[in-house]
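A.B. asks: Next up is a structure, given as C-alpha cells.
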Amino acid sequence: MRRPTGTRWGWGRTATVAVTAVCLAYAPIAMTEIWPYARPGAPAFGEWLLGRSVSPEFVAEAVRDRMGPYGRSLVPLIVHSVLGGLLMLLGPVQLLSAVRRRIRLHRIAGTVFAVTVYVSMAGAALYLVRTPPAEAFSGAAFWIVLATILAGTVGSVTFGVLAAVRGFPDLHQRWMLLCYGFLMTAPLLRIEWGLLPSLYPGLDLRDINRVAIMHLGALVSFGALLASRALDRRTDVPGLTGTWCPLPVRVVTHLAGAAGLVWITAAFLDEGTAGRRLLLAYLVPYAVTYAVIAARAARAGSRGAHWAREEWSLHLAALCLAPAFSAVTVPVLERTLGLDRTTALVAGVGIGCGMLAYAAVTVVSLRILYARELLKRRGDVADRPTGAAPAAATAAVAGPAREGAQG
C-alpha cells in the first residue's frame, strides 16, 4: 500500500500519533486503576493525575462512590482493567503492522488481541451481571451504556475475526476499527474526567459521566468511520450497482431523525439546567458529525467515487435514525427495567449513536457481500479462497485506487 502523501498523510499521521500517544499514556492507568480498591494505598496513576488536574476531593468522592459496586467484583475488574491496558498497547501494533504489511506480526498480534478482548470483556460482564443497574457506579444509565459498549466490542471483534478467516480484508478492517473505537471510550472518558470539571464546576463524577455518555459512542464510531474511509481508497467495488440509499430513503431517514431530535430536545429541556447541559453535550457533537459525513458524501458523489459515496450515505442514514431510535428506546427502558423518565432518557440517548453506527457497519458489510455475490452469479469471478492473510489483503483494499482521492 502506498503511504499517503501531502495533506492527507499529514492528517493521517497526526491522528495516528495522537491515538498512539493516548493509548500508551492510558495503558498504565488502566492496569493500576482497580488496585487501590483491593489494597488501599496501592499506587494508581489515574488517581494521581486526576487529583492534580481536578482536586483531591474530587478523587476521594469518586473512590467512595465506586467502593461498594467494585468491592463485589474485584477479581473480574482487575482482569478487565489489566487486560484493557494491554489492549491499549496492542491496538497501535495492529494498525501499524497492517498499514506496513508486517503480515506475520499482524497475525500473531491479532490473535492475541482477539483473545484478550474476549477475556477482558468477560471480566466486565461478570461485574455487570453481579451489579444491579441501580447500584452500579454512576447509576442505571451508565450501567446500560457500559453493557451496550461491551456487546458492541465483543460483536465487532467477532465479525472482524470471521471476516479475516473468510478472506474479506475490507470487512475485517472495518469491524476491527469499530472494535477499537469502542475500546477507546475508556481513555476518552478519563480525559473528560479531567477536563469537564473545569467547564462545569461543582459537578460530581456521576454527573460528569452523564455528560460524557451523551457523545462518547458517537465520537468513537465516527473516528472508526474516518479511519475506514482513509484506508479504503477504492472509488468502486466490483459488482456494486445502484444504491441502497436512494432519495426516498434519505428523505425518510432525515424526517425520522428530525422528529427524534425534536422529541429529545423537548424531553431534555423539561429537565431544567441539568437537561440543558446534557442536551448541549449531545447536539454539538451530533451536528459536527452530521456535517462532516454529509459533506464527504456530497464530495464523493461529485467526483464519481461511487463506493465512497455509498458508504458515507449509509452511515449518514444511520446517524439520522439514531435520535429516532433513542426516542423509541426511552419508553421501552422505562417499562422493561422500571427506570424513571430521566434515567431512561439519559440511557436511551447515550446508546443511540453507537448502536446505529454498529448497524451501519453491518449494512455496509452486507452491501459488499451482496456485490460479490452478484459477481459470482454472473460468473465474472471465481469464488474467493478462504484464509487469506488479513494484513496483506488489507493493503490490497487500498491498492487499486492508489492515486484516487479520499472518499
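Ordering of the C-alpha cells sets the chain letters (A, B, ...); residue numbers start at 1 within each chain; ligands are numbered from 1 in the order shown.
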List the neighbours of Ile34 (chain A) out to 7 Å using only C-alpha atoms; skip same-chain residues closer than 2 positions along the sequence, and give me the result as a PyMOL selection string.
C.D. replies: chain A and resi 32+36-38+77-78
A.B. asks: Taking 2 positions as the minimum chain separation for residues in the same chain, which residues sit within 12 Å of region 270-282 of chain A when counting only C-alpha atoms? Answer as a ChimeraX atom specification.
C.D. replies: /A:192,196,199-200,203,207-219,261-268,284-289,322-323,326,341-343,345-353
A.B. asks: Next, the residues of the selection above should be written as a CSV table (one decimal), in the first residue's frame with N, CA and C atoms.
C.D. replies:
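Just written: result_12.csv:
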chain,number,residue,atom,x,y,z
A,192,GLU,N,-12.2,13.2,29.8
A,192,GLU,CA,-13.3,14.0,30.1
A,192,GLU,C,-13.4,14.2,31.7
A,196,LEU,N,-13.9,18.2,32.0
A,196,LEU,CA,-15.2,18.7,32.2
A,196,LEU,C,-15.4,19.4,33.5
A,199,LEU,N,-15.2,23.0,33.1
A,199,LEU,CA,-16.3,23.6,32.4
A,199,LEU,C,-17.6,23.7,33.2
A,200,TYR,N,-17.7,22.6,34.1
A,200,TYR,CA,-18.9,22.6,35.0
A,200,TYR,C,-18.4,22.4,36.4
A,203,LEU,N,-19.8,19.8,39.6
A,203,LEU,CA,-20.4,18.5,39.3
A,203,LEU,C,-19.6,17.4,39.9
A,207,ASP,N,-22.4,13.0,37.6
A,207,ASP,CA,-23.0,13.9,36.6
A,207,ASP,C,-22.0,14.1,35.4
A,208,ILE,N,-20.7,14.1,35.7
A,208,ILE,CA,-19.7,14.2,34.6
A,208,ILE,C,-19.9,13.0,33.7
A,209,ASN,N,-20.1,11.8,34.2
A,209,ASN,CA,-20.3,10.6,33.4
A,209,ASN,C,-21.5,10.8,32.5
A,210,ARG,N,-22.6,11.4,33.1
A,210,ARG,CA,-23.8,11.6,32.3
A,210,ARG,C,-23.5,12.5,31.1
A,211,VAL,N,-22.8,13.5,31.3
A,211,VAL,CA,-22.4,14.4,30.2
A,211,VAL,C,-21.6,13.7,29.2
A,212,ALA,N,-20.6,12.9,29.6
A,212,ALA,CA,-19.7,12.2,28.7
A,212,ALA,C,-20.5,11.2,27.8
A,213,ILE,N,-21.4,10.4,28.4
A,213,ILE,CA,-22.0,9.4,27.6
A,213,ILE,C,-23.0,9.9,26.6
A,214,MET,N,-23.3,11.2,26.6
A,214,MET,CA,-24.1,11.8,25.6
A,214,MET,C,-23.5,11.8,24.2
A,215,HIS,N,-22.1,11.7,24.2
A,215,HIS,CA,-21.5,11.8,22.9
A,215,HIS,C,-20.3,10.8,22.7
A,216,LEU,N,-19.9,10.0,23.7
A,216,LEU,CA,-18.8,9.2,23.5
A,216,LEU,C,-19.0,8.1,22.4
A,217,GLY,N,-20.2,7.5,22.4
A,217,GLY,CA,-20.5,6.5,21.4
A,217,GLY,C,-20.4,7.1,20.0
A,218,ALA,N,-21.0,8.3,19.8
A,218,ALA,CA,-20.9,8.9,18.5
A,218,ALA,C,-19.5,9.2,18.1
A,219,LEU,N,-18.7,9.7,19.0
A,219,LEU,CA,-17.3,10.2,18.7
A,219,LEU,C,-16.5,9.0,18.3
A,261,LEU,N,-35.0,14.3,17.0
A,261,LEU,CA,-34.2,15.4,17.7
A,261,LEU,C,-35.2,16.3,18.4
A,262,VAL,N,-36.3,16.6,17.7
A,262,VAL,CA,-37.3,17.5,18.4
A,262,VAL,C,-37.8,16.9,19.7
A,263,TRP,N,-38.1,15.6,19.7
A,263,TRP,CA,-38.5,14.9,20.9
A,263,TRP,C,-37.5,14.9,22.0
A,264,ILE,N,-36.2,14.6,21.6
A,264,ILE,CA,-35.1,14.6,22.6
A,264,ILE,C,-34.9,16.0,23.1
A,265,THR,N,-35.0,17.0,22.3
A,265,THR,CA,-34.8,18.4,22.8
A,265,THR,C,-35.8,18.8,23.8
A,266,ALA,N,-37.1,18.5,23.4
A,266,ALA,CA,-38.2,18.8,24.4
A,266,ALA,C,-38.0,18.1,25.7
A,267,ALA,N,-37.6,16.8,25.6
A,267,ALA,CA,-37.5,16.0,26.8
A,267,ALA,C,-36.4,16.5,27.7
A,268,PHE,N,-35.3,16.9,27.1
A,268,PHE,CA,-34.2,17.4,28.0
A,268,PHE,C,-34.5,18.8,28.5
A,284,VAL,N,-24.1,19.2,20.0
A,284,VAL,CA,-23.0,19.8,19.3
A,284,VAL,C,-22.1,18.7,18.6
A,285,PRO,N,-21.7,17.6,19.3
A,285,PRO,CA,-21.0,16.6,18.6
A,285,PRO,C,-21.8,15.9,17.5
A,286,TYR,N,-23.1,15.8,17.7
A,286,TYR,CA,-24.0,15.2,16.7
A,286,TYR,C,-24.0,16.1,15.4
A,287,ALA,N,-24.1,17.4,15.6
A,287,ALA,CA,-24.2,18.3,14.5
A,287,ALA,C,-22.9,18.3,13.7
A,288,VAL,N,-21.7,18.3,14.4
A,288,VAL,CA,-20.4,18.2,13.7
A,288,VAL,C,-20.3,16.9,12.9
A,289,THR,N,-20.7,15.8,13.5
A,289,THR,CA,-20.6,14.5,12.9
A,289,THR,C,-21.4,14.5,11.6
A,322,ALA,N,-30.5,7.6,14.5
A,322,ALA,CA,-30.1,7.5,15.9
A,322,ALA,C,-31.0,8.2,16.9
A,323,PRO,N,-31.4,9.5,16.6
A,323,PRO,CA,-32.3,10.2,17.6
A,323,PRO,C,-33.7,9.5,17.6
A,326,SER,N,-33.4,6.4,19.7
A,326,SER,CA,-33.3,6.8,21.2
A,326,SER,C,-34.7,7.2,21.7
A,341,ARG,N,-38.1,8.4,34.3
A,341,ARG,CA,-38.0,9.0,33.0
A,341,ARG,C,-36.6,9.6,32.7
A,342,THR,N,-36.0,10.3,33.6
A,342,THR,CA,-34.7,10.9,33.4
A,342,THR,C,-33.7,9.9,33.1
A,343,THR,N,-33.6,8.8,33.9
A,343,THR,CA,-32.6,7.8,33.7
A,343,THR,C,-32.8,7.1,32.4
A,345,LEU,N,-34.1,8.4,29.8
A,345,LEU,CA,-33.8,9.4,28.7
A,345,LEU,C,-32.3,9.4,28.5
A,346,VAL,N,-31.5,9.5,29.6
A,346,VAL,CA,-30.1,9.6,29.5
A,346,VAL,C,-29.5,8.3,28.9
A,347,ALA,N,-30.0,7.1,29.3
A,347,ALA,CA,-29.6,5.9,28.8
A,347,ALA,C,-29.9,5.7,27.3
A,348,GLY,N,-31.2,6.0,26.9
A,348,GLY,CA,-31.6,5.9,25.5
A,348,GLY,C,-30.8,6.8,24.6
A,349,VAL,N,-30.6,8.0,25.0
A,349,VAL,CA,-29.8,8.9,24.1
A,349,VAL,C,-28.3,8.5,24.1
A,350,GLY,N,-27.8,8.0,25.3
A,350,GLY,CA,-26.4,7.6,25.4
A,350,GLY,C,-26.0,6.4,24.5
A,351,ILE,N,-27.0,5.5,24.2
A,351,ILE,CA,-26.6,4.3,23.4
A,351,ILE,C,-27.0,4.5,21.9
A,352,GLY,N,-27.8,5.5,21.6
A,352,GLY,CA,-28.4,5.6,20.2
A,352,GLY,C,-27.4,5.6,19.1
A,353,CYS,N,-26.4,6.6,19.2
A,353,CYS,CA,-25.5,6.8,18.0
A,353,CYS,C,-24.6,5.6,17.9
A.B. asks: Considering only C-alpha atoms, tabulate each residue of region 193-250 of chain A that lies at most 10 Å from region 293-312 of chain A along with its nearest interatomic pair and the corresponding distance in Å to one decimal; arrange the rows by chain and ascending residue number and present them as a tab-separated table.
C.D. replies:
residue	atom	partner	partner_atom	distance
A:Phe222	CA	A:Ile293	CA	8.9
A:Leu225	CA	A:Trp312	CA	8.7
A:Leu226	CA	A:Ile293	CA	9.1
A:Arg229	CA	A:Ala308	CA	7.4
A:Asp232	CA	A:Ala308	CA	8.6
A:Arg233	CA	A:Ala308	CA	8.1
A:Arg234	CA	A:Trp307	CA	7.1
A:Thr235	CA	A:Ala305	CA	4.4
A:Asp236	CA	A:Trp307	CA	4.7
A:Val237	CA	A:Trp307	CA	6.1
A:Pro238	CA	A:Trp307	CA	9.6
A:Leu240	CA	A:Trp307	CA	7.7
A:Thr241	CA	A:His306	CA	9.1
A:Gly242	CA	A:His306	CA	9.1
A:Thr243	CA	A:Glu310	CA	6.6
A:Trp244	CA	A:Glu310	CA	7.6
A:Cys245	CA	A:Glu310	CA	7.3
A:Pro246	CA	A:Glu310	CA	9.8
A.B. asks: Could you check which of A:Thr153, A:Ser313, A:Ser81, A:Ser221 is closest to Leu247 (chain A), using only C-alpha atoms?
C.D. replies: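 The closest residue to Leu247 (chain A) is A:Ser313.
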A.B. asks: Give me, as a count of residues only, the residues of region 128-210 of chain A that a backbone DSSP run labels alpha helix (DSSP H).
C.D. replies: 67
A.B. asks: Compile the contact shell of region 116-119 of chain A as a VMD selection string: residues with an atom at most 12 Å away, counting only C-alpha atoms, same-chain residues fewer than 6 positions apart removed.
C.D. replies: chain A and resid 76 to 91 109 to 110 125 to 126 150 to 158 161 176 179 to 180 182 to 183
A.B. asks: Could you list, as a list of chain:residue names, every residue within 12 Å of Ile191 (chain A), counting only C-alpha atoms and ignoring same-chain residues fewer than 5 positions away?
C.D. replies: A:Val22, A:Cys23, A:Ala25, A:Tyr26, A:Ile29, A:Gly46, A:Leu49, A:Leu50, A:Ser53, A:Val54, A:Met184, A:Thr185, A:Ala186, A:Leu196, A:Pro197, A:Ile208, A:Asn209, A:Ala212, A:Leu216
A.B. asks: Could you turn the residues from that selection into a file that holds N, CA, C and O atoms, as a tab-separated table (two decimals), in the first residue's frame?
C.D. replies:
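Output below, filename part-v2.tsv:
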chain	number	residue	atom	x	y	z
A	22	VAL	N	-2.30	8.55	23.22
A	22	VAL	CA	-3.36	8.35	24.21
A	22	VAL	C	-3.34	6.91	24.72
A	22	VAL	O	-3.46	6.66	25.92
A	23	CYS	N	-3.17	5.96	23.79
A	23	CYS	CA	-3.15	4.55	24.19
A	23	CYS	C	-1.97	4.24	25.11
A	23	CYS	O	-2.13	3.57	26.14
A	25	ALA	N	-0.32	6.32	26.99
A	25	ALA	CA	-0.47	7.00	28.28
A	25	ALA	C	-1.52	6.32	29.14
A	25	ALA	O	-1.38	6.27	30.38
A	26	TYR	N	-2.56	5.81	28.51
A	26	TYR	CA	-3.66	5.23	29.29
A	26	TYR	C	-3.35	3.81	29.76
A	26	TYR	O	-3.93	3.36	30.76
A	29	ILE	N	-2.47	3.54	33.35
A	29	ILE	CA	-3.61	3.99	34.15
A	29	ILE	C	-4.64	2.87	34.27
A	29	ILE	O	-5.16	2.59	35.35
A	46	GLY	N	-3.92	6.86	37.52
A	46	GLY	CA	-5.09	7.64	37.16
A	46	GLY	C	-5.54	8.54	38.29
A	46	GLY	O	-5.85	9.72	38.08
A	49	LEU	N	-3.07	11.50	38.67
A	49	LEU	CA	-3.24	12.55	37.66
A	49	LEU	C	-4.54	13.32	37.88
A	49	LEU	O	-4.57	14.55	37.75
A	50	LEU	N	-5.61	12.61	38.21
A	50	LEU	CA	-6.90	13.26	38.40
A	50	LEU	C	-6.86	14.19	39.62
A	50	LEU	O	-7.46	15.27	39.59
A	53	SER	N	-5.11	17.31	38.32
A	53	SER	CA	-5.80	18.06	37.27
A	53	SER	C	-7.14	18.63	37.74
A	53	SER	O	-7.59	19.66	37.22
A	54	VAL	N	-7.78	17.98	38.72
A	54	VAL	CA	-9.06	18.47	39.24
A	54	VAL	C	-8.86	18.86	40.70
A	54	VAL	O	-8.61	20.02	41.02
A	184	MET	N	-11.76	2.58	22.88
A	184	MET	CA	-11.24	3.92	23.15
A	184	MET	C	-12.17	4.76	24.02
A	184	MET	O	-11.79	5.85	24.46
A	185	THR	N	-13.40	4.29	24.25
A	185	THR	CA	-14.27	5.04	25.15
A	185	THR	C	-13.67	5.13	26.55
A	185	THR	O	-13.94	6.10	27.27
A	186	ALA	N	-12.87	4.14	26.94
A	186	ALA	CA	-12.28	4.16	28.29
A	186	ALA	C	-11.29	5.31	28.46
A	186	ALA	O	-11.45	6.13	29.37
A	196	LEU	N	-13.87	18.15	32.00
A	196	LEU	CA	-15.22	18.66	32.21
A	196	LEU	C	-15.42	19.38	33.55
A	196	LEU	O	-16.22	20.33	33.61
A	197	PRO	N	-14.74	18.98	34.64
A	197	PRO	CA	-14.94	19.75	35.88
A	197	PRO	C	-14.57	21.22	35.77
A	197	PRO	O	-15.12	22.05	36.50
A	208	ILE	N	-20.69	14.08	35.71
A	208	ILE	CA	-19.69	14.16	34.64
A	208	ILE	C	-19.86	12.98	33.68
A	208	ILE	O	-19.80	13.13	32.45
A	209	ASN	N	-20.10	11.79	34.23
A	209	ASN	CA	-20.30	10.62	33.38
A	209	ASN	C	-21.55	10.76	32.53
A	209	ASN	O	-21.57	10.33	31.37
A	212	ALA	N	-20.64	12.87	29.62
A	212	ALA	CA	-19.74	12.19	28.70
A	212	ALA	C	-20.45	11.17	27.83
A	212	ALA	O	-20.18	11.06	26.62
A	216	LEU	N	-19.92	10.04	23.69
A	216	LEU	CA	-18.77	9.16	23.50
A	216	LEU	C	-19.01	8.11	22.43
A	216	LEU	O	-18.14	7.84	21.59
A.B. asks: Give me the residues within 8 Å of Trp35 (chain A) as number ranges by chain, counting only C-alpha atoms and dropping any in the same chain fewer than 4 places off.
C.D. replies: A: 39-40, 42-44, 78
A.B. asks: Output N, CA, C and O atoms of each residue in that selection to a file, as a short mmCIF file (atom, residue, chain, number, x, y, z; two decimals), in the first residue's frame.
C.D. replies:
data_model
loop_
_atom_site.label_atom_id
_atom_site.label_comp_id
_atom_site.auth_asym_id
_atom_site.auth_seq_id
_atom_site.Cartn_x
_atom_site.Cartn_y
_atom_site.Cartn_z
N ARG A 39 -6.39 -3.10 47.53
CA ARG A 39 -5.39 -2.84 48.57
C ARG A 39 -5.29 -1.33 48.76
O ARG A 39 -4.60 -0.65 47.98
N PRO A 40 -5.98 -0.77 49.73
CA PRO A 40 -5.94 0.68 49.93
C PRO A 40 -4.51 1.20 50.03
O PRO A 40 -3.66 0.62 50.70
N ALA A 42 -2.52 1.41 47.44
CA ALA A 42 -1.73 0.94 46.29
C ALA A 42 -1.63 2.04 45.25
O ALA A 42 -2.55 2.85 45.09
N PRO A 43 -0.50 2.11 44.52
CA PRO A 43 -0.34 3.19 43.54
C PRO A 43 -1.33 3.07 42.38
O PRO A 43 -1.61 1.97 41.90
N ALA A 44 -1.89 4.20 41.98
CA ALA A 44 -2.81 4.26 40.86
C ALA A 44 -2.53 5.55 40.09
O ALA A 44 -2.78 6.64 40.60
N ILE A 78 -10.22 -6.44 38.05
CA ILE A 78 -8.76 -6.39 37.88
C ILE A 78 -8.36 -7.05 36.57
O ILE A 78 -7.53 -6.53 35.82
#
A.B. asks: Using only C-alpha atoms, which of the listed residues (A:Val63, A:Leu339, A:Val332, A:Ala18) sits closest to Pro133 (chain A)?
C.D. replies: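 When distances to Pro133 (chain A) are compared using only C-alpha atoms, the smallest one comes from A:Leu339.
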